[in-house]
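**Student:** One file is attached below, work07.cif, containing mmCIF, C-alpha atoms (C1' of nucleotides).
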```
data_data
#
loop_
_atom_site.label_atom_id
_atom_site.label_comp_id
_atom_site.auth_asym_id
_atom_site.auth_seq_id
_atom_site.Cartn_x
_atom_site.Cartn_y
_atom_site.Cartn_z
CA MET A 1 -22.19 77.74 91.05
CA SER A 2 -20.84 74.52 89.56
CA ILE A 3 -17.39 74.87 91.15
CA ARG A 4 -18.89 75.57 94.54
CA ASN A 5 -21.02 72.43 94.35
CA SER A 6 -18.20 70.42 92.82
CA LEU A 7 -15.93 71.19 95.77
CA LEU A 8 -18.69 70.10 98.14
CA ALA A 9 -19.07 66.85 96.21
CA LEU A 10 -15.33 66.17 96.35
CA LEU A 11 -15.21 66.89 100.08
CA GLU A 12 -18.02 64.38 100.54
CA ARG A 13 -15.41 61.74 99.68
CA GLY A 14 -13.36 62.91 102.62
CA PRO A 15 -11.36 65.91 103.89
CA MET A 16 -9.01 67.54 101.41
CA HIS A 17 -6.99 70.71 101.03
CA GLY A 18 -7.15 73.19 98.17
CA TYR A 19 -4.45 71.76 95.99
CA GLN A 20 -5.91 68.26 96.27
CA LEU A 21 -9.37 69.58 95.37
CA ARG A 22 -8.03 71.07 92.19
CA VAL A 23 -6.32 67.85 91.17
CA ALA A 24 -9.39 65.77 92.08
CA PHE A 25 -11.68 68.04 90.09
CA GLU A 26 -9.59 67.92 86.94
CA GLU A 27 -9.28 64.17 87.30
CA SER A 28 -13.05 63.82 87.67
CA VAL A 29 -13.76 65.58 84.38
CA GLY A 30 -10.94 63.76 82.64
CA GLY A 31 -8.96 66.93 82.14
CA THR A 32 -11.70 68.38 79.96
CA TRP A 33 -11.74 71.56 82.03
CA SER A 34 -8.96 72.95 84.16
CA LEU A 35 -9.63 74.61 87.48
CA ASN A 36 -7.82 77.74 88.54
CA ILE A 37 -6.13 77.23 91.91
CA GLY A 38 -6.89 80.78 92.99
CA GLN A 39 -10.58 80.16 92.54
CA VAL A 40 -10.38 77.06 94.70
CA TYR A 41 -9.17 79.09 97.67
CA THR A 42 -11.64 81.94 97.24
CA THR A 43 -14.50 79.47 96.80
CA LEU A 44 -13.37 77.56 99.89
CA ALA A 45 -13.39 80.85 101.81
CA ARG A 46 -16.99 81.51 100.77
CA LEU A 47 -17.99 77.93 101.59
CA GLU A 48 -16.44 78.33 105.02
CA ARG A 49 -18.23 81.66 105.51
CA ASP A 50 -21.53 79.97 104.63
CA GLU A 51 -20.69 77.10 106.99
CA LEU A 52 -20.91 74.47 104.28
CA VAL A 53 -17.34 73.39 104.98
CA ALA A 54 -15.16 73.66 108.08
CA PRO A 55 -11.36 73.90 108.36
CA LEU A 56 -9.54 71.07 110.09
CA PRO A 57 -6.41 71.63 112.21
CA GLU A 58 -3.65 72.43 109.77
CA SER A 59 -0.49 70.41 109.55
CA GLU A 60 2.69 70.81 107.54
CA GLY A 61 1.45 73.97 105.90
CA GLN A 62 -1.69 72.25 104.65
CA ARG A 63 -5.20 73.53 105.39
CA PRO A 64 -7.61 70.62 104.92
CA TYR A 65 -11.38 71.15 104.99
CA GLU A 66 -14.27 68.86 105.80
CA ILE A 67 -17.86 69.14 104.62
CA THR A 68 -20.44 70.07 107.28
CA ASP A 69 -23.99 68.79 107.68
CA ARG A 70 -25.28 71.96 106.07
CA GLY A 71 -22.86 71.34 103.22
CA ARG A 72 -24.16 67.79 102.87
CA ALA A 73 -27.74 69.13 102.72
CA GLU A 74 -26.76 71.67 100.08
CA LEU A 75 -25.06 68.95 98.05
CA ALA A 76 -28.13 66.71 98.26
CA ARG A 77 -30.24 69.63 97.05
CA TRP A 78 -27.91 70.06 94.07
CA PHE A 79 -28.17 66.43 93.03
CA ALA A 80 -31.94 66.37 93.54
CA THR A 81 -32.63 69.50 91.46
CA PRO A 82 -32.38 69.40 87.68
CA ILE A 83 -30.38 72.07 85.88
CA GLU A 84 -32.99 74.13 84.05
CA ARG A 85 -32.52 75.77 80.68
CA SER A 86 -32.80 79.17 82.33
CA ASP A 87 -29.82 78.30 84.56
CA ARG A 88 -27.53 78.00 81.59
CA PRO A 89 -25.28 80.70 80.26
CA ARG A 90 -26.37 82.46 77.11
CA ASP A 91 -25.41 80.55 73.99
CA GLU A 92 -22.80 82.74 72.38
CA LEU A 93 -22.94 80.93 69.05
CA ALA A 94 -26.72 81.27 68.72
CA ILE A 95 -26.49 84.95 69.64
CA LYS A 96 -23.71 85.48 67.13
CA LEU A 97 -25.67 83.88 64.29
CA ALA A 98 -28.85 85.74 65.21
CA LEU A 99 -27.01 89.06 65.17
CA ALA A 100 -25.10 88.18 62.02
CA MET A 101 -28.45 87.97 60.22
CA THR A 102 -29.28 91.61 60.87
CA THR A 103 -25.80 93.12 60.74
CA PRO A 104 -24.99 94.88 57.47
CA GLY A 105 -21.97 93.68 55.53
CA VAL A 106 -21.77 90.22 57.06
CA ASP A 107 -21.35 87.15 54.87
CA LEU A 108 -23.71 84.83 56.71
CA THR A 109 -22.77 81.62 54.95
CA ALA A 110 -19.09 82.34 55.59
CA VAL A 111 -19.75 82.67 59.32
CA VAL A 112 -21.69 79.41 59.32
CA GLN A 113 -19.03 77.60 57.31
CA THR A 114 -16.17 78.80 59.50
CA GLN A 115 -17.97 77.57 62.57
CA ARG A 116 -18.85 74.32 60.86
CA VAL A 117 -15.22 73.61 60.05
CA ALA A 118 -14.25 74.27 63.66
CA GLY A 119 -17.01 71.93 64.81
CA ILE A 120 -15.89 69.10 62.55
CA ARG A 121 -12.31 69.56 63.70
CA ALA A 122 -13.36 69.41 67.35
CA LEU A 123 -15.44 66.31 66.69
CA GLN A 124 -12.45 64.57 65.10
CA GLU A 125 -10.30 65.45 68.09
CA TYR A 126 -12.90 64.01 70.48
CA THR A 127 -13.16 60.84 68.40
CA ARG A 128 -9.39 60.51 68.48
CA LEU A 129 -9.37 60.94 72.25
CA LYS A 130 -12.10 58.33 72.64
CA ALA A 131 -10.17 55.86 70.48
CA HIS A 132 -6.97 55.74 72.53
CA GLY A 133 -8.71 56.67 75.73
CA SER A 134 -7.31 55.40 78.99
CA GLY A 135 -9.23 52.14 78.62
CA ASP A 136 -9.36 52.36 82.38
CA PRO A 137 -12.83 51.16 83.45
CA ASP A 138 -12.45 53.48 86.43
CA ASP A 139 -12.64 56.37 83.97
CA LEU A 140 -16.35 55.97 83.38
CA SER A 141 -16.95 59.61 84.30
CA TRP A 142 -14.29 60.65 81.80
CA LEU A 143 -16.14 58.68 79.11
CA LEU A 144 -19.45 60.32 79.98
CA VAL A 145 -17.97 63.82 79.84
CA LEU A 146 -16.29 63.08 76.53
CA GLU A 147 -19.51 61.67 75.15
CA ALA A 148 -21.37 64.80 76.29
CA MET A 149 -18.94 66.91 74.26
CA ILE A 150 -19.45 64.65 71.25
CA PHE A 151 -23.25 64.83 71.45
CA GLN A 152 -23.12 68.62 71.77
CA CYS A 153 -20.69 68.95 68.92
CA GLU A 154 -22.79 66.81 66.61
CA ALA A 155 -25.92 68.74 67.52
CA GLU A 156 -24.14 72.00 66.78
CA ILE A 157 -23.02 70.83 63.35
CA ARG A 158 -26.54 69.65 62.52
CA TRP A 159 -27.88 73.02 63.67
CA LEU A 160 -25.38 74.85 61.46
CA ASP A 161 -26.57 72.75 58.52
CA PHE A 162 -30.13 73.72 59.39
CA CYS A 163 -29.11 77.38 59.53
CA GLU A 164 -27.43 77.24 56.16
CA SER A 165 -30.34 75.58 54.39
CA THR A 166 -32.80 77.96 56.05
CA ILE A 167 -30.75 80.97 54.98
CA LEU A 168 -30.43 79.71 51.41
CA ARG A 169 -34.15 78.93 51.21
CA LYS A 170 -34.94 82.46 52.37
CA ARG A 171 -32.57 83.96 49.82
CA THR A 172 -34.00 82.07 46.82
CA ALA A 173 -37.60 82.34 48.01
CA ARG A 174 -38.04 86.05 47.28
CA PRO A 175 -36.45 87.15 44.03
CA VAL A 176 -37.78 90.68 43.62
CA THR A 177 -39.82 90.73 40.39
CA ARG A 178 -42.39 93.07 38.97
CA VAL A 179 -45.10 90.68 40.19
CA ASP A 180 -43.77 90.87 43.74
CA VAL A 181 -43.95 94.65 43.70
CA HIS A 182 -47.57 94.50 42.55
CA GLU A 183 -48.44 92.02 45.30
CA GLU A 184 -46.78 94.14 47.96
CA THR A 185 -48.46 97.36 46.97
CA GLY A 186 -51.74 95.48 46.67
CA ALA A 187 -51.38 94.15 50.24
CA MET B 188 -17.64 88.61 75.72
CA SER B 189 -20.87 87.89 73.83
CA ILE B 190 -22.66 90.98 75.15
CA ARG B 191 -19.74 93.22 74.29
CA ASN B 192 -19.70 91.96 70.72
CA SER B 193 -23.48 91.95 70.49
CA LEU B 194 -23.62 95.64 71.35
CA LEU B 195 -21.04 96.35 68.66
CA ALA B 196 -23.12 94.41 66.14
CA LEU B 197 -26.27 96.33 67.07
CA LEU B 198 -24.45 99.65 66.79
CA GLU B 199 -23.30 98.64 63.32
CA ARG B 200 -26.96 99.09 62.29
CA GLY B 201 -26.74 102.70 63.42
CA PRO B 202 -26.29 104.84 66.56
CA MET B 203 -28.37 103.84 69.58
CA HIS B 204 -28.56 104.57 73.27
CA GLY B 205 -28.42 102.03 76.12
CA TYR B 206 -32.11 101.41 76.51
CA GLN B 207 -32.54 100.87 72.77
CA LEU B 208 -29.63 98.43 72.73
CA ARG B 209 -31.25 96.34 75.39
CA VAL B 210 -34.58 96.19 73.51
CA ALA B 211 -32.82 95.46 70.22
CA PHE B 212 -30.77 92.66 71.77
CA GLU B 213 -33.75 90.91 73.32
CA GLU B 214 -35.64 91.28 70.06
CA SER B 215 -32.75 89.76 68.11
CA VAL B 216 -32.72 86.60 70.20
CA GLY B 217 -36.52 86.40 70.21
CA GLY B 218 -36.74 87.01 73.93
CA THR B 219 -34.80 83.80 74.61
CA TRP B 220 -32.40 85.66 76.88
CA SER B 221 -32.98 88.90 78.69
CA LEU B 222 -30.28 91.51 79.03
CA ASN B 223 -29.72 93.37 82.24
CA ILE B 224 -29.88 97.12 81.63
CA GLY B 225 -27.16 97.78 84.18
CA GLN B 226 -24.78 95.61 82.22
CA VAL B 227 -25.52 97.53 79.06
CA TYR B 228 -24.24 100.75 80.58
CA THR B 229 -21.15 99.24 82.20
CA THR B 230 -20.30 97.41 78.96
CA LEU B 231 -20.81 100.62 76.97
CA ALA B 232 -18.43 102.36 79.35
CA ARG B 233 -15.77 99.70 78.74
CA LEU B 234 -16.36 99.86 74.97
CA GLU B 235 -15.93 103.63 75.09
CA ARG B 236 -12.76 103.27 77.17
CA ASP B 237 -11.39 100.84 74.55
CA GLU B 238 -12.42 103.26 71.77
CA LEU B 239 -14.64 100.72 70.05
CA VAL B 240 -17.64 103.05 70.40
CA ALA B 241 -17.90 106.82 70.76
CA PRO B 242 -20.59 108.91 72.45
CA LEU B 243 -22.64 111.25 70.27
CA PRO B 244 -23.90 114.65 71.51
CA GLU B 245 -26.66 113.86 73.97
CA SER B 246 -30.16 115.19 73.55
CA GLU B 247 -33.28 114.98 75.71
CA GLY B 248 -31.48 112.98 78.38
CA GLN B 249 -30.40 110.34 75.88
CA ARG B 250 -26.78 109.29 75.40
CA PRO B 251 -26.48 107.66 71.97
CA TYR B 252 -23.30 105.89 70.87
CA GLU B 253 -21.84 105.14 67.49
CA ILE B 254 -19.42 102.39 66.53
CA THR B 255 -15.89 103.48 65.64
CA ASP B 256 -13.60 102.08 62.96
CA ARG B 257 -11.76 100.12 65.61
CA GLY B 258 -15.12 98.80 66.75
CA ARG B 259 -15.95 97.77 63.21
CA ALA B 260 -12.62 95.94 62.94
CA GLU B 261 -13.26 94.17 66.24
CA LEU B 262 -16.72 93.15 65.06
CA ALA B 263 -15.34 91.80 61.78
CA ARG B 264 -12.82 89.78 63.79
CA TRP B 265 -15.66 88.32 65.88
CA PHE B 266 -17.62 87.20 62.85
CA ALA B 267 -14.53 85.82 61.10
CA THR B 268 -13.36 83.75 64.09
CA PRO B 269 -15.17 80.56 65.06
CA ILE B 270 -16.15 80.02 68.68
CA GLU B 271 -13.90 77.22 69.87
CA ARG B 272 -14.86 74.53 72.36
CA SER B 273 -12.31 75.94 74.78
CA ASP B 274 -14.08 79.31 74.69
CA ARG B 275 -17.26 77.83 76.13
CA PRO B 276 -18.22 77.82 79.76
CA ARG B 277 -17.84 74.59 81.65
CA ASP B 278 -20.78 72.26 81.15
CA GLU B 279 -22.40 72.17 84.57
CA LEU B 280 -24.54 69.14 83.78
CA ALA B 281 -21.60 67.05 82.59
CA ILE B 282 -19.62 68.06 85.67
CA LYS B 283 -22.53 67.21 87.91
CA LEU B 284 -22.96 63.74 86.42
CA ALA B 285 -19.23 63.06 86.50
CA LEU B 286 -19.05 63.98 90.17
CA ALA B 287 -22.26 62.12 90.99
CA MET B 288 -20.51 58.95 89.87
CA THR B 289 -17.85 59.18 92.55
CA THR B 290 -19.83 60.79 95.35
CA PRO B 291 -20.96 58.35 98.05
CA GLY B 292 -24.69 58.09 98.75
CA VAL B 293 -25.89 59.45 95.40
CA ASP B 294 -28.62 57.66 93.44
CA LEU B 295 -27.15 58.09 89.98
CA THR B 296 -30.16 56.90 88.01
CA ALA B 297 -32.39 59.26 89.99
CA VAL B 298 -30.17 62.21 89.08
CA VAL B 299 -30.26 61.20 85.43
CA GLN B 300 -34.01 60.67 85.44
CA THR B 301 -34.75 64.01 87.13
CA GLN B 302 -32.67 65.78 84.53
CA ARG B 303 -34.28 63.79 81.75
CA VAL B 304 -37.76 64.82 82.84
CA ALA B 305 -36.70 68.46 82.89
CA GLY B 306 -35.23 68.08 79.42
CA ILE B 307 -38.40 66.55 77.98
CA ARG B 308 -40.46 69.32 79.57
CA ALA B 309 -38.22 72.00 78.07
CA LEU B 310 -38.39 70.34 74.68
CA GLN B 311 -42.19 70.34 74.76
CA GLU B 312 -42.19 74.01 75.68
CA TYR B 313 -39.89 74.81 72.75
CA THR B 314 -42.08 72.79 70.38
CA ARG B 315 -45.14 74.67 71.59
CA LEU B 316 -43.38 77.99 71.04
CA LYS B 317 -42.38 76.94 67.55
CA ALA B 318 -45.95 75.94 66.72
CA HIS B 319 -47.63 79.26 67.40
CA GLY B 320 -44.50 81.24 66.68
CA SER B 321 -44.84 84.75 65.33
CA GLY B 322 -45.10 83.47 61.74
CA ASP B 323 -43.32 86.70 60.97
CA PRO B 324 -40.79 85.94 58.22
CA ASP B 325 -38.73 88.76 59.69
CA ASP B 326 -38.23 86.55 62.74
CA LEU B 327 -35.83 84.22 61.00
CA SER B 328 -33.21 84.83 63.68
CA TRP B 329 -35.79 83.94 66.33
CA LEU B 330 -36.43 80.64 64.52
CA LEU B 331 -32.72 79.85 64.38
CA VAL B 332 -32.22 80.53 68.08
CA LEU B 333 -35.25 78.43 68.98
CA GLU B 334 -34.00 75.62 66.77
CA ALA B 335 -30.59 75.82 68.46
CA MET B 336 -32.29 75.28 71.82
CA ILE B 337 -34.22 72.31 70.40
CA PHE B 338 -31.12 70.67 68.93
CA GLN B 339 -29.25 71.12 72.22
CA CYS B 340 -32.15 69.82 74.25
CA GLU B 341 -32.51 66.71 72.11
CA ALA B 342 -28.79 66.05 72.26
CA GLU B 343 -28.88 66.35 76.04
CA ILE B 344 -31.72 63.85 76.34
CA ARG B 345 -29.93 61.41 74.07
CA TRP B 346 -26.79 61.86 76.18
CA LEU B 347 -28.73 61.18 79.37
CA ASP B 348 -30.05 57.97 77.79
CA PHE B 349 -26.47 57.05 76.95
CA CYS B 350 -25.44 57.74 80.54
CA GLU B 351 -28.18 55.59 81.96
CA SER B 352 -27.47 52.62 79.76
CA THR B 353 -23.74 52.93 80.40
CA ILE B 354 -24.30 53.05 84.13
CA LEU B 355 -26.62 50.07 84.06
CA ARG B 356 -24.21 48.10 81.89
CA LYS B 357 -21.43 48.79 84.35
CA ARG B 358 -23.59 47.75 87.29
CA THR B 359 -24.66 44.40 85.79
CA ALA B 360 -21.31 43.68 84.20
CA ARG B 361 -19.51 42.96 87.46
CA PRO B 362 -21.61 40.95 89.88
CA VAL B 363 -19.09 40.01 92.55
CA THR B 364 -18.82 36.22 92.46
CA ARG B 365 -16.32 33.78 93.80
CA VAL B 366 -14.76 33.61 90.35
CA ASP B 367 -14.32 37.37 90.30
CA VAL B 368 -12.54 37.30 93.62
CA HIS B 369 -10.14 34.67 92.30
CA GLU B 370 -9.43 36.71 89.19
CA GLU B 371 -8.78 39.88 91.16
CA THR B 372 -6.40 38.28 93.63
CA GLY B 373 -4.73 36.54 90.75
CA ALA B 374 -4.18 39.86 88.91
"C1'" DC C 375 22.33 73.51 93.12
"C1'" DG C 376 18.58 74.04 90.14
"C1'" DA C 377 14.26 72.63 88.44
"C1'" DC C 378 9.94 70.92 89.41
"C1'" DA C 379 5.96 69.56 92.02
"C1'" DC C 380 3.49 70.70 96.14
"C1'" DA C 381 0.95 74.17 98.70
"C1'" DT C 382 -1.24 78.70 99.95
"C1'" DG C 383 -2.63 82.80 99.05
"C1'" DT C 384 -3.57 88.10 97.03
"C1'" DA C 385 -4.59 91.66 93.44
"C1'" DA C 386 -6.67 93.29 89.52
"C1'" DC C 387 -9.91 92.90 86.37
"C1'" DA C 388 -13.93 91.18 83.25
"C1'" DC C 389 -18.39 89.64 83.25
"C1'" DG C 390 -22.88 88.88 85.14
"C1'" DT C 391 -26.86 89.45 88.41
"C1'" DT C 392 -30.05 91.82 91.65
"C1'" DA C 393 -31.39 95.72 93.70
"C1'" DC C 394 -31.63 100.57 94.42
"C1'" DA C 395 -32.06 105.63 93.06
"C1'" DT C 396 -33.55 109.15 89.96
"C1'" DG C 397 -35.98 111.65 86.60
"C1'" DA C 398 -38.73 112.60 82.02
"C1'" DT C 399 -42.56 111.49 79.15
"C1'" DT C 400 -46.73 109.36 77.95
"C1'" DT C 401 -51.28 107.72 78.60
"C1'" DG C 402 -55.50 106.08 80.81
"C1'" DC D 403 -53.20 112.48 88.87
"C1'" DA D 404 -51.39 107.86 88.91
"C1'" DA D 405 -49.21 104.22 86.61
"C1'" DA D 406 -46.44 102.59 82.95
"C1'" DT D 407 -42.76 103.18 79.90
"C1'" DC D 408 -38.60 105.42 78.67
"C1'" DA D 409 -33.99 106.48 80.12
"C1'" DT D 410 -29.59 106.62 82.88
"C1'" DG D 411 -26.95 105.26 86.16
"C1'" DT D 412 -24.53 103.13 90.92
"C1'" DA D 413 -23.56 99.55 94.56
"C1'" DA D 414 -22.82 95.13 96.16
"C1'" DC D 415 -21.82 90.74 95.26
"C1'" DG D 416 -20.70 86.23 92.90
"C1'" DT D 417 -18.06 84.02 89.50
"C1'" DG D 418 -14.14 83.44 86.64
"C1'" DT D 419 -9.47 84.60 84.69
"C1'" DT D 420 -4.50 85.92 84.71
"C1'" DA D 421 -0.73 87.17 87.05
"C1'" DC D 422 2.10 87.77 91.00
"C1'" DA D 423 4.32 86.53 95.58
"C1'" DT D 424 5.92 83.09 98.76
"C1'" DG D 425 7.53 79.02 100.78
"C1'" DT D 426 8.56 73.69 101.30
"C1'" DG D 427 10.06 69.29 99.66
"C1'" DT D 428 12.16 66.25 96.45
"C1'" DC D 429 15.03 64.50 92.94
"C1'" DG D 430 18.45 64.48 89.33
#
```
Spit out the file's structure as structure tokens when you get a sec.
**Tutor:**
Amino acid sequence: MSIRNSLLALLERGPMHGYQLRVAFEESVGGTWSLNIGQVYTTLARLERDELVAPLPESEGQRPYEITDRGRAELARWFATPIERSDRPRDELAIKLALAMTTPGVDLTAVVQTQRVAGIRALQEYTRLKAHGSGDPDDLSWLLVLEAMIFQCEAEIRWLDFCESTILRKRTARPVTRVDVHEETGA
Amino acid sequence: MSIRNSLLALLERGPMHGYQLRVAFEESVGGTWSLNIGQVYTTLARLERDELVAPLPESEGQRPYEITDRGRAELARWFATPIERSDRPRDELAIKLALAMTTPGVDLTAVVQTQRVAGIRALQEYTRLKAHGSGDPDDLSWLLVLEAMIFQCEAEIRWLDFCESTILRKRTARPVTRVDVHEETGA
DNA sequence: CGACACATGTAACACGTTACATGATTTG
DNA sequence: CAAATCATGTAACGTGTTACATGTGTCG
């Protein structure tokens, strides 16, 4: 859904053809995510089918599109509606950790540590990028996207720390002793 | 990819059939994400094709599967490999904000505020869930998943605050004055 | 001329969702 | 008996990826 709406937003700046849309998108997110050119054309085809964009007369082998009024309405709806938690893709890392807890033969702390190292590494890379960033004041959107990645990364590392301490606490909390057995049978 | 690996992890506990896998998955993530039953069967079919699981003799209309050695190896690989930033889906919210900045006629602060309200609401809901959570010590994985959502949600709100202050700073930083005009033409 | 950027597309496939179709078993 | 739960699947569609095919223009 995000690509569809992104293309609409870019066309709101003015008519563009597929190749330009791809370049404009990647520029907008500061190269953080690339956009497959094939997807641009298939998405444009669907947008045209839904009458959210309309093709302009082609010239020199280029097929520019313009946004329609319906497209503009759809775009306004996108910006006016918050992205809910339920809209988001499943969190693969959370799923992985949750399943690791009940899968036999898995070294939980190793999984957490491996992920933690990757997180720290990513955070360093982001910090490096921010340091010798373009400096271009025009790249405000690039800064925001980068900062989003940093906030997420930090939150993930803190969560992994939480996981580790929770796991350790659980492990030390119930050493099986004779007393425990008595309590359990008594309950 | 996460469902594929999740099914392998669940089958590592022992043979199960499709319906059971779905229930077990949703239980593992504390009902945070639901799993479409149709997808379970199509994913099982692909896993069987790739020889990561094998069907057991069916009984009473049930088609249980067991994990194979290749499946076990694949699962071990999953747990040993960190999920990299590049593996993650594009962040729709970051994209939306980035595009909102360069789309004409968009009230940026309104977009940020709408999203912020939704974030606060979600956070309250999570806190409520945590409060009268199952209390079940067996639900450790449920606690971890919930906490992941809370960490993410908080990070998002902090990021939105960052966005707003950055946007405001930009807006007040360059009031177009006669002096500015001179500087620009001079540059 | 050859490499590279520009430009448009198609095919095949994985993953994900909703909806539909079917039947057995259990339980009020 | 009727409704709910258990259980298995298919179809259609959207989204996303990789790879392939094709052609123009430009520049060293």
**Student:** If the PyMOL selection byres ((chain A) within 9 of (chain C)) is run on the structure shown, which residues does it catch, given as an NGL selection string?
**Tutor:** :A and (17-19 or 38 or 41 or 61-63)
**Student:** Just so the selection is clear, what residues does the PyMOL selection byres ((chain D) within 10 of (chain B)) cover here, as a ChimeraX atom specification?
**Tutor:** /D:408-412,418
**Student:** Select, as a PyMOL selection string, those residues of chain B with any atom no more than 8 Å from chain A (distances computed using all atoms listed in the file).
**Tutor:** chain B and resi 189+193+196-197+199-200+215-216+220+266-272+276-277+279-291+293+297-298+301-302+305-306+309+328-329+331-332+334-335+338-339+342-343+345-346+350
**Student:** Find the distance between CA of Ala131 in chain A and CA of Leu35 in chain A and write it in Å to one decimal.
**Tutor:**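 Answer for the CA of Ala131 in chain A to CA of Leu35 in chain A separation: 25.3 Å.
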**Student:** Using CA of Leu234 in chain B and CA of Glu261 in chain B as the two end points, give the distance in Å to one decimal.
**Tutor:**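 One can read the CA of Leu234 in chain B to CA of Glu261 in chain B distance as 10.9 Å.
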**Student:** What's the separation between CA of Glu235 in chain B and CA of Arg191 in chain B, in Å to one decimal place?
**Tutor:**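 One can read the CA of Glu235 in chain B to CA of Arg191 in chain B distance as 11.1 Å.
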**Student:** Would you mind telling me which residue in B:Met203, B:Gln226, B:Arg358, B:Arg264 lies nearest to Glu245 in chain B when using all atoms listed in the file?
**Tutor:**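 Of B:Met203, B:Gln226, B:Arg358, B:Arg264, the one nearest Glu245 in chain B is B:Met203, counting all atoms listed in the file.
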**Student:** Looking at all atoms listed in the file, which of A:Arg46, A:Arg70, A:Glu125, A:Pro57 is the one that sits closest to DC415 in chain D?
**Tutor:**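 Between A:Arg46, A:Arg70, A:Glu125, A:Pro57, the residue approaching DC415 in chain D most closely is A:Arg46.
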**Student:** Can you spell out as a ChimeraX atom specification the set of residues that the PyMOL selection byres ((chain A and resi 68) around 6) selects in the structure I just provided?
**Tutor:** /A:52-53,67,69-71
**Student:** May I have the selected residues written with C-alpha atoms, as a short mmCIF file (atom, residue, chain, number, x, y, z; two decimals), in the frame of the given file?
**Tutor:**
```
data_model
loop_
_atom_site.label_atom_id
_atom_site.label_comp_id
_atom_site.auth_asym_id
_atom_site.auth_seq_id
_atom_site.Cartn_x
_atom_site.Cartn_y
_atom_site.Cartn_z
CA LEU A 52 -20.91 74.47 104.28
CA VAL A 53 -17.34 73.39 104.98
CA ILE A 67 -17.86 69.14 104.62
CA ASP A 69 -23.99 68.79 107.68
CA ARG A 70 -25.28 71.96 106.07
CA GLY A 71 -22.86 71.34 103.22
#
```
